[in-house]
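Structure below is my_file07.cif: mmCIF, C-alpha atoms.
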```cif
data_my_file
#
loop_
_atom_site.label_atom_id
_atom_site.label_comp_id
_atom_site.auth_asym_id
_atom_site.auth_seq_id
_atom_site.Cartn_x
_atom_site.Cartn_y
_atom_site.Cartn_z
CA MET A 1 -107.61 41.68 13.64
CA ASN A 2 -107.15 39.66 16.81
CA ASN A 3 -108.39 41.85 19.66
CA ASP A 4 -106.72 39.79 22.41
CA ALA A 5 -103.39 40.07 20.65
CA ILE A 6 -103.69 43.84 20.31
CA LYS A 7 -104.78 44.19 23.94
CA ASP A 8 -101.81 42.16 25.13
CA LEU A 9 -99.37 44.24 23.09
CA ILE A 10 -100.73 47.62 24.16
CA LEU A 11 -101.14 46.62 27.80
CA LYS A 12 -97.53 45.54 28.16
CA MET A 13 -96.34 48.76 26.51
CA ALA A 14 -98.56 50.85 28.77
CA ASP A 15 -97.45 49.00 31.91
CA ASP A 16 -93.77 49.38 30.92
CA ALA A 17 -94.31 53.12 30.49
CA LEU A 18 -96.17 53.55 33.78
CA VAL A 19 -93.66 51.59 35.85
CA ILE A 20 -90.51 53.12 34.31
CA GLY A 21 -92.21 56.51 34.53
CA HIS A 22 -92.76 56.05 38.25
CA ARG A 23 -89.19 54.86 38.76
CA ASN A 24 -87.85 57.85 36.78
CA SER A 25 -89.87 60.16 38.99
CA GLU A 26 -88.04 58.81 42.04
CA TRP A 27 -85.03 60.86 40.87
CA THR A 28 -86.99 64.08 41.31
CA GLY A 29 -85.15 66.10 43.92
CA ILE A 30 -82.19 63.74 44.29
CA GLY A 31 -80.52 63.74 40.84
CA PRO A 32 -76.71 63.88 40.91
CA ILE A 33 -76.83 67.33 39.26
CA MET A 34 -79.79 69.63 38.75
CA GLU A 35 -79.95 69.04 34.98
CA GLU A 36 -80.23 65.29 35.52
CA ASP A 37 -82.88 65.79 38.16
CA ILE A 38 -84.87 67.73 35.53
CA ALA A 39 -84.11 65.20 32.79
CA PHE A 40 -85.36 62.18 34.73
CA SER A 41 -88.39 64.13 35.95
CA SER A 42 -89.23 65.23 32.38
CA MET A 43 -88.82 61.70 31.07
CA ALA A 44 -91.07 60.50 33.89
CA GLN A 45 -93.75 62.93 32.75
CA ASP A 46 -93.40 61.76 29.15
CA LYS A 47 -93.64 58.08 30.11
CA ILE A 48 -96.70 58.53 32.27
CA GLY A 49 -98.30 60.48 29.43
CA HIS A 50 -97.49 57.63 27.06
CA ALA A 51 -99.00 55.12 29.49
CA GLN A 52 -102.14 57.23 29.77
CA ALA A 53 -102.48 57.47 25.97
CA LEU A 54 -102.02 53.71 25.57
CA TYR A 55 -104.54 52.89 28.32
CA GLN A 56 -106.90 55.33 26.61
CA ILE A 57 -106.65 53.35 23.36
CA LEU A 58 -107.46 50.16 25.29
CA HIS A 59 -110.44 51.91 26.83
CA ALA A 60 -111.73 53.47 23.60
CA GLU A 61 -111.02 50.65 21.16
CA SER A 62 -111.10 47.45 23.20
CA GLY A 63 -113.72 48.16 25.82
CA MET A 64 -111.32 48.00 28.74
CA PRO A 65 -111.83 50.19 31.86
CA GLU A 66 -110.79 53.85 32.14
CA PRO A 67 -107.04 54.67 32.14
CA ASP A 68 -107.01 55.42 35.88
CA VAL A 69 -108.55 52.05 36.66
CA LEU A 70 -106.07 50.25 34.42
CA GLY A 71 -103.13 52.13 35.87
CA PHE A 72 -104.03 52.18 39.54
CA GLN A 73 -106.48 49.42 40.33
CA ARG A 74 -104.95 46.25 39.00
CA LYS A 75 -103.16 43.57 40.96
CA GLU A 76 -99.41 43.07 40.65
CA SER A 77 -99.92 39.76 38.82
CA GLU A 78 -102.03 41.54 36.19
CA PHE A 79 -99.16 43.84 35.22
CA LYS A 80 -97.51 42.84 31.94
CA SER A 81 -94.45 45.06 32.31
CA CYS A 82 -91.00 43.54 31.94
CA GLN A 83 -88.93 43.04 35.10
CA LEU A 84 -86.31 45.57 33.95
CA VAL A 85 -88.57 48.56 34.57
CA GLU A 86 -89.62 47.61 38.10
CA LEU A 87 -86.13 47.33 39.59
CA PRO A 88 -85.35 50.05 42.16
CA ILE A 89 -83.45 53.07 40.84
CA GLY A 90 -80.15 51.93 42.40
CA ASP A 91 -77.27 54.28 41.74
CA TYR A 92 -77.18 56.74 38.86
CA ALA A 93 -75.13 54.37 36.68
CA PHE A 94 -77.81 51.70 36.99
CA SER A 95 -80.69 54.08 36.25
CA LEU A 96 -78.80 55.52 33.29
CA VAL A 97 -77.97 52.15 31.77
CA ARG A 98 -81.52 50.92 32.26
CA HIS A 99 -82.76 54.12 30.62
CA PHE A 100 -80.35 53.55 27.70
CA PHE A 101 -81.41 49.92 27.15
CA PHE A 102 -85.12 50.56 27.67
CA ASP A 103 -85.46 53.73 25.62
CA HIS A 104 -83.65 52.34 22.60
CA ALA A 105 -86.02 49.37 22.71
CA ASP A 106 -89.03 51.63 23.23
CA ALA A 107 -88.06 54.05 20.44
CA THR A 108 -87.44 51.13 18.07
CA ARG A 109 -90.78 49.56 18.98
CA TYR A 110 -92.65 52.80 18.24
CA GLU A 111 -90.69 53.25 15.03
CA MET A 112 -91.91 49.79 13.92
CA LEU A 113 -95.45 50.56 15.07
CA THR A 114 -95.71 53.64 12.84
CA GLN A 115 -96.38 51.01 10.14
CA SER A 116 -99.00 49.16 12.20
CA SER A 117 -102.28 48.18 10.56
CA PHE A 118 -103.98 49.10 13.85
CA GLN A 119 -104.49 52.78 13.09
CA PRO A 120 -104.91 54.22 16.61
CA LEU A 121 -101.58 52.68 17.60
CA ALA A 122 -99.87 53.79 14.39
CA ASN A 123 -101.05 57.38 14.95
CA LEU A 124 -99.83 57.42 18.54
CA ALA A 125 -96.53 55.83 17.54
CA LYS A 126 -95.81 58.66 15.10
CA LYS A 127 -96.25 61.16 17.89
CA ILE A 128 -94.33 59.31 20.60
CA LYS A 129 -91.45 58.44 18.29
CA GLY A 130 -90.54 62.13 18.04
CA GLU A 131 -90.67 62.63 21.80
CA LEU A 132 -88.50 59.59 22.49
CA LYS A 133 -85.76 61.01 20.31
CA TYR A 134 -84.82 63.21 23.27
CA HIS A 135 -84.78 60.20 25.60
CA THR A 136 -82.37 58.20 23.45
CA LEU A 137 -80.15 61.22 22.72
CA HIS A 138 -79.98 61.95 26.44
CA ALA A 139 -79.03 58.37 27.25
CA ASP A 140 -76.40 58.26 24.49
CA VAL A 141 -74.70 61.46 25.66
CA TRP A 142 -74.31 60.26 29.25
CA VAL A 143 -73.44 56.65 28.49
CA LYS A 144 -70.62 57.87 26.23
CA LYS A 145 -69.49 60.54 28.68
CA LEU A 146 -69.33 58.23 31.70
CA GLY A 147 -68.13 55.16 29.80
CA ASN A 148 -65.18 57.20 28.55
CA GLY A 149 -64.77 59.16 31.79
CA THR A 150 -62.68 58.28 34.81
CA GLU A 151 -61.63 54.81 35.90
CA GLU A 152 -64.38 54.85 38.49
CA SER A 153 -67.14 56.02 36.16
CA LYS A 154 -66.13 53.41 33.58
CA ALA A 155 -66.10 50.60 36.16
CA ARG A 156 -69.48 51.61 37.53
CA MET A 157 -70.98 51.83 34.06
CA GLN A 158 -69.59 48.42 33.08
CA SER A 159 -70.94 46.80 36.20
CA ALA A 160 -74.35 48.42 35.57
CA VAL A 161 -74.30 47.06 32.01
CA ASN A 162 -73.46 43.57 33.27
CA GLU A 163 -76.17 43.65 35.89
CA THR A 164 -78.85 45.14 33.63
CA PHE A 165 -78.35 43.29 30.35
CA PRO A 166 -80.18 40.03 31.28
CA TYR A 167 -83.15 42.11 32.42
CA ALA A 168 -83.00 44.23 29.26
CA LEU A 169 -83.27 41.07 27.15
CA GLY A 170 -86.42 40.32 29.14
CA ILE A 171 -88.09 43.25 27.35
CA PHE A 172 -88.37 40.97 24.32
CA GLU A 173 -90.07 38.03 26.02
CA PRO A 174 -92.25 36.65 23.20
CA SER A 175 -96.00 36.71 23.75
CA LYS A 176 -98.36 33.93 22.76
CA TYR A 177 -99.71 36.22 20.06
CA GLU A 178 -96.55 36.80 18.02
CA ASN A 179 -97.93 34.99 14.94
CA GLU A 180 -101.28 36.78 15.06
CA LEU A 181 -99.65 40.21 15.40
CA LYS A 182 -97.41 39.50 12.44
CA ALA A 183 -100.14 37.96 10.29
CA ASP A 184 -102.39 40.97 10.88
CA SER A 185 -99.48 43.40 10.26
CA VAL A 186 -100.06 44.92 13.69
CA PHE A 187 -96.47 44.46 14.88
CA ALA A 188 -93.45 42.71 13.38
CA GLY A 189 -92.71 40.92 16.67
CA GLU A 190 -90.33 40.76 19.61
CA VAL A 191 -87.64 38.75 17.78
CA GLU A 192 -87.38 41.42 15.08
CA LEU A 193 -87.44 44.17 17.71
CA GLN A 194 -84.62 42.58 19.68
CA LYS A 195 -82.54 42.25 16.52
CA ARG A 196 -83.00 45.91 15.59
CA TRP A 197 -82.31 46.96 19.17
CA LEU A 198 -79.02 45.05 19.30
CA ASP A 199 -78.01 46.61 15.97
CA LYS A 200 -78.57 50.03 17.50
CA ILE A 201 -77.00 49.64 20.92
CA THR A 202 -73.97 47.50 20.05
CA PRO A 203 -72.00 50.29 18.29
CA LEU A 204 -73.04 52.83 20.94
CA ILE A 205 -71.80 50.58 23.75
CA GLU A 206 -68.50 50.16 21.87
CA GLN A 207 -68.15 53.93 21.41
CA ALA A 208 -68.64 54.26 25.15
CA GLY A 209 -65.69 51.91 25.71
CA LEU A 210 -67.98 49.33 27.32
CA LYS A 211 -68.78 45.69 26.58
CA LEU A 212 -72.06 43.80 26.39
CA PRO A 213 -71.81 40.62 28.48
CA ASN A 214 -72.59 37.21 27.05
CA ALA A 215 -76.02 36.28 28.27
CA ARG A 216 -77.01 32.63 28.19
CA GLN A 217 -80.66 31.94 27.38
CA ASP A 218 -81.15 30.79 31.00
CA ASP A 219 -79.94 34.13 32.33
CA ILE A 220 -82.59 36.18 30.54
CA LYS A 221 -85.13 37.59 32.94
CA TYR A 222 -88.40 36.51 31.40
CA GLY A 223 -91.69 36.39 33.30
CA GLY A 224 -92.89 39.97 33.49
CA ARG A 225 -94.98 39.71 30.34
CA ASN A 226 -96.94 36.91 31.99
CA GLY A 227 -97.36 38.64 35.33
CA TYR A 228 -94.38 37.10 37.14
CA HIS A 229 -92.52 39.90 38.83
CA THR A 230 -89.59 40.46 41.17
CA GLU A 231 -90.18 41.36 44.81
CA HIS A 232 -89.78 45.03 43.83
CA LEU A 233 -93.00 45.65 41.88
CA GLN A 234 -95.55 45.23 44.67
CA PRO A 235 -93.97 47.77 47.05
CA MET A 236 -93.74 50.24 44.16
CA LEU A 237 -97.41 49.77 43.26
CA THR A 238 -98.40 50.11 46.91
CA GLU A 239 -96.55 53.40 47.12
CA MET A 240 -97.85 54.63 43.75
CA ASN A 241 -101.44 53.86 44.71
CA GLU A 242 -101.21 55.02 48.28
CA VAL A 243 -103.30 58.16 47.81
CA ILE A 244 -105.84 56.91 45.28
CA SER A 245 -106.44 53.70 47.24
CA THR A 246 -107.73 55.70 50.21
CA ASP A 247 -110.82 56.41 48.11
CA TYR A 248 -111.05 55.23 44.50
CA ASN A 249 -114.22 57.16 43.83
CA THR A 250 -113.06 60.58 44.96
CA GLU A 251 -113.21 63.39 42.41
CA TRP A 252 -109.76 64.94 42.29
CA MET B 253 -112.73 55.41 15.12
CA VAL B 254 -109.68 57.60 14.64
CA ASN B 255 -110.97 60.77 16.22
CA VAL B 256 -111.85 59.99 19.79
CA GLN B 257 -114.42 62.46 21.01
CA HIS B 258 -113.32 63.72 24.39
CA THR B 259 -115.73 66.60 24.83
CA GLN B 260 -119.47 66.66 24.61
CA PRO B 261 -121.26 69.65 23.08
CA VAL B 262 -121.59 72.34 25.71
CA ASN B 263 -125.29 72.59 25.23
CA PRO B 264 -126.43 69.63 23.19
CA SER B 265 -130.10 70.16 23.84
CA GLY B 266 -129.91 73.72 22.56
CA ALA B 267 -128.05 72.79 19.41
CA ARG B 268 -130.74 74.14 17.13
CA ASN B 269 -131.34 77.30 19.14
CA LEU B 270 -127.98 78.99 19.03
CA VAL B 271 -127.73 82.51 20.25
CA ARG B 272 -125.00 84.25 18.35
CA ARG B 273 -123.87 87.63 19.50
CA GLY B 274 -121.05 90.07 19.00
CA GLU B 275 -119.01 90.52 15.87
CA ILE B 276 -119.49 87.04 14.56
CA PRO B 277 -121.74 87.17 11.52
CA PRO B 278 -124.68 84.80 11.82
CA VAL B 279 -124.40 82.34 8.99
CA SER B 280 -126.46 79.28 8.41
CA ARG B 281 -125.56 78.37 4.86
CA ASN B 282 -122.51 76.33 4.00
CA ASP B 283 -121.45 78.62 1.12
CA ASN B 284 -120.82 81.37 3.62
CA ALA B 285 -119.17 79.14 6.17
CA VAL B 286 -115.69 80.45 5.32
CA VAL B 287 -116.53 83.74 7.03
CA TRP B 288 -117.37 81.86 10.16
CA VAL B 289 -114.26 79.76 10.12
CA GLU B 290 -112.11 82.88 9.89
CA SER B 291 -114.04 84.44 12.74
CA VAL B 292 -113.50 81.37 14.87
CA TYR B 293 -109.76 81.43 14.17
CA LYS B 294 -109.73 85.09 15.16
CA VAL B 295 -111.29 84.25 18.51
CA LEU B 296 -108.94 81.30 19.00
CA GLN B 297 -106.01 83.74 18.72
CA GLN B 298 -107.10 84.89 22.20
CA VAL B 299 -106.61 81.44 23.72
CA MET B 300 -103.09 81.26 25.10
CA ASP B 301 -100.84 78.35 25.91
CA PRO B 302 -100.85 78.10 29.73
CA GLU B 303 -97.09 77.53 29.89
CA ILE B 304 -96.21 80.39 27.50
CA PRO B 305 -99.07 82.82 28.17
CA VAL B 306 -98.14 85.19 25.32
CA LEU B 307 -98.38 82.50 22.66
CA SER B 308 -101.76 81.60 21.19
CA ILE B 309 -102.73 78.02 20.50
CA VAL B 310 -103.19 79.00 16.84
CA ASP B 311 -99.62 80.29 16.52
CA LEU B 312 -98.42 77.22 18.39
CA GLY B 313 -99.94 75.07 15.65
CA MET B 314 -102.33 73.25 17.96
CA ILE B 315 -105.46 73.81 15.86
CA THR B 316 -105.80 71.36 12.98
CA ASP B 317 -109.28 72.17 11.74
CA VAL B 318 -112.32 74.34 12.34
CA LYS B 319 -115.69 73.35 10.95
CA VAL B 320 -118.85 75.35 11.14
CA ASP B 321 -122.26 74.10 10.29
CA ASP B 322 -125.76 75.14 11.11
CA ALA B 323 -125.73 74.02 14.69
CA LEU B 324 -122.19 73.50 15.81
CA VAL B 325 -118.66 74.83 15.70
CA THR B 326 -116.18 71.97 15.79
CA VAL B 327 -112.59 72.78 16.71
CA LYS B 328 -110.00 70.06 16.21
CA MET B 329 -106.83 70.38 18.23
CA ILE B 330 -103.67 68.44 19.00
CA PRO B 331 -101.52 68.49 22.14
CA THR B 332 -97.89 69.54 21.72
CA PHE B 333 -96.71 66.60 23.83
CA THR B 334 -98.57 63.38 24.63
CA ALA B 335 -98.06 64.09 28.33
CA CYS B 336 -99.31 67.68 28.12
CA PRO B 337 -101.04 68.19 31.48
CA ALA B 338 -102.99 71.20 30.22
CA ILE B 339 -105.14 69.64 27.52
CA ARG B 340 -108.35 69.67 29.51
CA HIS B 341 -107.64 73.23 30.63
CA ILE B 342 -107.02 74.39 27.05
CA LYS B 343 -110.19 72.68 25.82
CA GLU B 344 -112.21 74.47 28.50
CA ASN B 345 -110.54 77.77 27.57
CA ILE B 346 -111.48 77.30 23.92
CA VAL B 347 -115.11 76.67 24.80
CA SER B 348 -115.35 79.57 27.24
CA THR B 349 -113.50 82.05 24.99
CA LEU B 350 -115.70 81.15 22.03
CA ALA B 351 -118.78 81.51 24.25
CA ALA B 352 -117.61 84.92 25.45
CA ASN B 353 -117.45 85.94 21.79
CA GLY B 354 -120.95 84.79 21.01
CA ILE B 355 -120.23 81.27 19.82
CA GLU B 356 -122.24 79.30 22.30
CA ASN B 357 -122.14 75.84 20.91
CA ALA B 358 -118.63 74.60 20.35
CA LEU B 359 -117.28 71.11 20.35
CA VAL B 360 -113.55 70.61 20.90
CA VAL B 361 -112.09 67.29 19.85
CA VAL B 362 -108.55 65.97 20.03
CA ASP B 363 -107.40 65.07 16.52
CA ASP B 364 -105.53 61.79 16.78
CA SER B 365 -104.67 61.65 13.11
CA ILE B 366 -102.17 64.51 13.15
CA SER B 367 -99.04 64.79 15.31
CA TRP B 368 -97.83 68.14 16.52
CA ASN B 369 -94.26 69.10 15.67
CA SER B 370 -92.28 72.32 16.04
CA ASN B 371 -92.48 73.03 12.29
CA ARG B 372 -96.12 73.90 12.95
CA LEU B 373 -95.15 77.13 14.77
CA THR B 374 -96.12 80.22 12.78
CA ASP B 375 -93.64 83.02 12.00
CA ASN B 376 -95.50 85.15 14.51
CA ALA B 377 -94.90 82.48 17.16
CA ARG B 378 -91.14 82.88 16.66
CA VAL B 379 -91.37 86.63 17.15
CA VAL B 380 -93.49 86.21 20.26
CA LEU B 381 -91.21 83.53 21.74
CA GLU B 382 -88.10 85.68 21.35
CA LYS B 383 -89.79 88.66 22.95
CA PHE B 384 -90.82 86.36 25.80
CA GLY B 385 -87.16 85.37 26.24
CA LEU B 386 -87.20 81.92 24.73
CA GLY B 387 -84.96 80.68 21.92
CA THR B 388 -86.77 79.33 18.87
CA PRO B 389 -86.56 75.84 17.36
CA THR B 390 -84.71 75.03 14.15
CA LYS B 391 -86.94 75.71 11.15
CA ASN B 392 -88.26 72.92 8.93
CA CYS B 393 -86.48 70.06 10.63
CA ASN B 394 -87.09 66.44 9.68
CA ASP B 395 -84.94 64.79 12.32
CA ILE B 396 -83.39 65.84 15.60
CA THR B 397 -79.60 65.71 15.66
CA PRO B 398 -77.18 66.55 18.49
CA GLU B 399 -75.79 69.39 16.31
CA MET B 400 -79.24 70.89 15.92
CA LEU B 401 -79.68 70.96 19.70
CA GLU B 402 -76.45 72.93 20.09
CA ASP B 403 -77.44 75.36 17.35
CA ALA B 404 -79.54 77.77 19.40
CA ALA B 405 -79.53 81.55 19.06
CA CYS B 406 -79.65 83.57 22.28
CA PRO B 407 -83.04 85.32 22.50
CA PHE B 408 -81.44 88.24 24.39
CA CYS B 409 -78.39 89.22 22.30
CA LYS B 410 -79.06 87.05 19.19
CA SER B 411 -75.59 85.51 19.44
CA SER B 412 -75.14 81.98 18.18
CA ASN B 413 -72.09 81.55 20.41
CA THR B 414 -74.07 79.34 22.80
CA THR B 415 -74.03 75.85 24.27
CA MET B 416 -76.73 73.48 25.45
CA ASN B 417 -76.66 72.66 29.16
CA SER B 418 -79.59 70.26 29.21
CA MET B 419 -81.95 68.87 26.59
CA PHE B 420 -84.72 68.94 29.20
CA GLY B 421 -85.99 72.15 30.79
CA SER B 422 -88.70 73.53 33.01
CA THR B 423 -91.44 72.25 30.72
CA LEU B 424 -91.42 69.39 28.21
CA CYS B 425 -91.06 71.77 25.27
CA ARG B 426 -87.93 73.53 26.55
CA SER B 427 -84.19 72.89 26.71
CA ILE B 428 -81.61 74.86 28.73
CA HIS B 429 -78.76 76.78 27.09
CA TYR B 430 -75.99 79.26 27.94
CA CYS B 431 -74.85 82.27 25.91
CA PHE B 432 -71.08 82.89 26.01
CA ASP B 433 -71.50 86.46 24.75
CA CYS B 434 -74.07 87.93 27.13
CA LYS B 435 -73.34 85.33 29.85
CA GLN B 436 -76.99 84.49 30.30
CA LYS B 437 -78.69 81.18 30.72
CA PHE B 438 -81.72 80.88 28.51
CA GLU B 439 -84.37 78.36 27.62
CA ARG B 440 -85.25 77.35 24.11
CA PHE B 441 -88.51 76.08 22.67
CA LYS B 442 -86.96 72.91 21.40
CA PRO B 443 -87.29 71.33 17.98
CA VAL B 444 -89.59 68.29 17.96
CA VAL B 445 -90.51 66.18 14.97
#
```

Would you encode the structure as structure tokens?
Amino acid sequence: MNNDAIKDLILKMADDALVIGHRNSEWTGIGPIMEEDIAFSSMAQDKIGHAQALYQILHAESGMPEPDVLGFQRKESEFKSCQLVELPIGDYAFSLVRHFFFDHADATRYEMLTQSSFQPLANLAKKIKGELKYHTLHADVWVKKLGNGTEESKARMQSAVNETFPYALGIFEPSKYENELKADSVFAGEVELQKRWLDKITPLIEQAGLKLPNARQDDIKYGGRNGYHTEHLQPMLTEMNEVISTDYNTEW
Amino acid sequence: MVNVQHTQPVNPSGARNLVRRGEIPPVSRNDNAVVWVESVYKVLQQVMDPEIPVLSIVDLGMITDVKVDDALVTVKMIPTFTACPAIRHIKENIVSTLAANGIENALVVVDDSISWNSNRLTDNARVVLEKFGLGTPTKNCNDITPEMLEDAACPFCKSSNTTMNSMFGSTLCRSIHYCFDCKQKFERFKPVV
């Protein structure tokens, strides 16, 4: 198996989880209703746990540094997360639509990875797949409710879909290791993932009375997987690392 | 490669000089090991889940294997959720509770090959959860459906005339519900597969 290819795959998944987890946590205390405050906080906890477990695989299997070092001591340009996850939380419609797009992609990715020939990842995928069921169900309930709600909720949801979709397609930015991952049966690849994702979300978006915009290839927000980020990631990392960066070697 | 060892033996240097006290029968031959394994499980029944302090980690289905050989008791466990913040705490509790019962040399490892799910709860766990005031998860579920989430019995009045308010609750394993009959909000230990 190609170790660089596996590292690249797991690192981008872990970074996605850490960054979206941090963004989700920004709803703690300010959710539009208490239940949503709890939901986004719970999902934040799940995501950060997933990131930790993925970094742990990199540490144990690929000789990379400890999870805390990987999560909190890398430069912005070393992050392989997609640009979708780093965008500020915006209004609730934006955060909800991002959550819907991202979690369906994430759940589908883990579903595919349950078949991975890389056993540590396959084992973790089986576990995480079950947890993500609650994330996708949560997103589906609210997307349908607000898409079919009032004129205002529908308009805000549609504009969030339009704004978010080009970034969501950026999740599937192909890596330079697609062929190796497929040949080694580690992962069936981003093209296949995007196809399965579209098959899942298209009917759900229709049931919500919403429309997916046409995205031209040029509109798709690629770059994150190669360390090119929007202006929003660095301030988030600075805030996230504010305490630990005062003394990296402190025992907590 | 599969089972990542997260915990070192408590007393590796003393591995051959175990002091075994209390009720646990001293056994050094493999053919008698079954007695030991049962004794270890009995002790593990005293280790409670920190978030539901009446529920033991055995009833919760967190223990996947116990092995006893000449020098070492190995306990394999799994977290309920990947993001469980209490794993280290539970591991320490296992070691200290076993030690308090005369089993001085225990190794606790996280078993990466098995995933926890709510079907692993024992029947006793369901009784304990209801007494504690938590609804119980659907039995033997293979997939989570929206209907299943709505289908929660009130732990107070046993009514099934309830609705789900939120699929996320005060801890990762709970959802929030409302009972139309006794007009109480309640939390449920939610089904997870």

If you count all atoms listed in the file, which residues fall within 10 Å of B:Lys391, apart from same-chain ones fewer than 4 positions away, as an mmCIF file with C-alpha atoms, in the coordinates of the input?
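Output (around.cif):
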```
data_model
loop_
_atom_site.group_PDB
_atom_site.id
_atom_site.type_symbol
_atom_site.label_atom_id
_atom_site.label_comp_id
_atom_site.auth_asym_id
_atom_site.auth_seq_id
_atom_site.Cartn_x
_atom_site.Cartn_y
_atom_site.Cartn_z
ATOM 1 C CA SER B 370 -92.280 72.320 16.040
ATOM 2 C CA ASN B 371 -92.480 73.030 12.290
ATOM 3 C CA ARG B 372 -96.120 73.900 12.950
ATOM 4 C CA LEU B 373 -95.150 77.130 14.770
ATOM 5 C CA ASP B 375 -93.640 83.020 12.000
ATOM 6 C CA ARG B 378 -91.140 82.880 16.660
ATOM 7 C CA PRO B 443 -87.290 71.330 17.980
#
```

Evaluate the PyMOL selection byres ((chain A) within 8 of (chain B)) and report residues as a list of chain:residue names: A:Glu35, A:Ile38, A:Ala39, A:Ser42, A:Gln45, A:Asp46, A:Lys47, A:Ile48, A:Gly49, A:His50, A:Ala53, A:Ala60, A:Glu61, A:Gln119, A:Pro120, A:Asn123, A:Leu124, A:Lys126, A:Lys127, A:Ile128, A:Gly130, A:Glu131, A:Lys133, A:Tyr134, A:Leu137, A:His138

Calculated over only C-alpha atoms, which of the candidates A:His59, A:Lys75, A:Lys144, A:Arg23 has the smallest distance to A:Pro88? A:Arg23

Report as a ChimeraX atom specification the full result of the PyMOL selection byres ((chain B and resi 388) around 10) when it is applied to this structure. /B:370,373,377-382,385-387,389-391,404-407,426,439-443

Got a sec to resolve the PyMOL selection byres ((chain B and resi 299-314) around 6) on this structure and send the residues as a PyMOL selection string? chain B and resi 296-298+315+329-330+372-374+377

What is the distance, in Å and to one decimal place, between atom CA of B:Asn413 and atom CA of B:Asn376?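 Rounded to one decimal, the two atoms are 24.4 Å apart.
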
Please indicate the distance in Å from atom CA of A:His22 to atom CA of A:Ile57, rounded to one decimal place. 20.5 Å

What separation in Å, quoted to one decimal, exists between atom CA of A:Arg225 and atom CA of A:Lys200? 23.3 Å
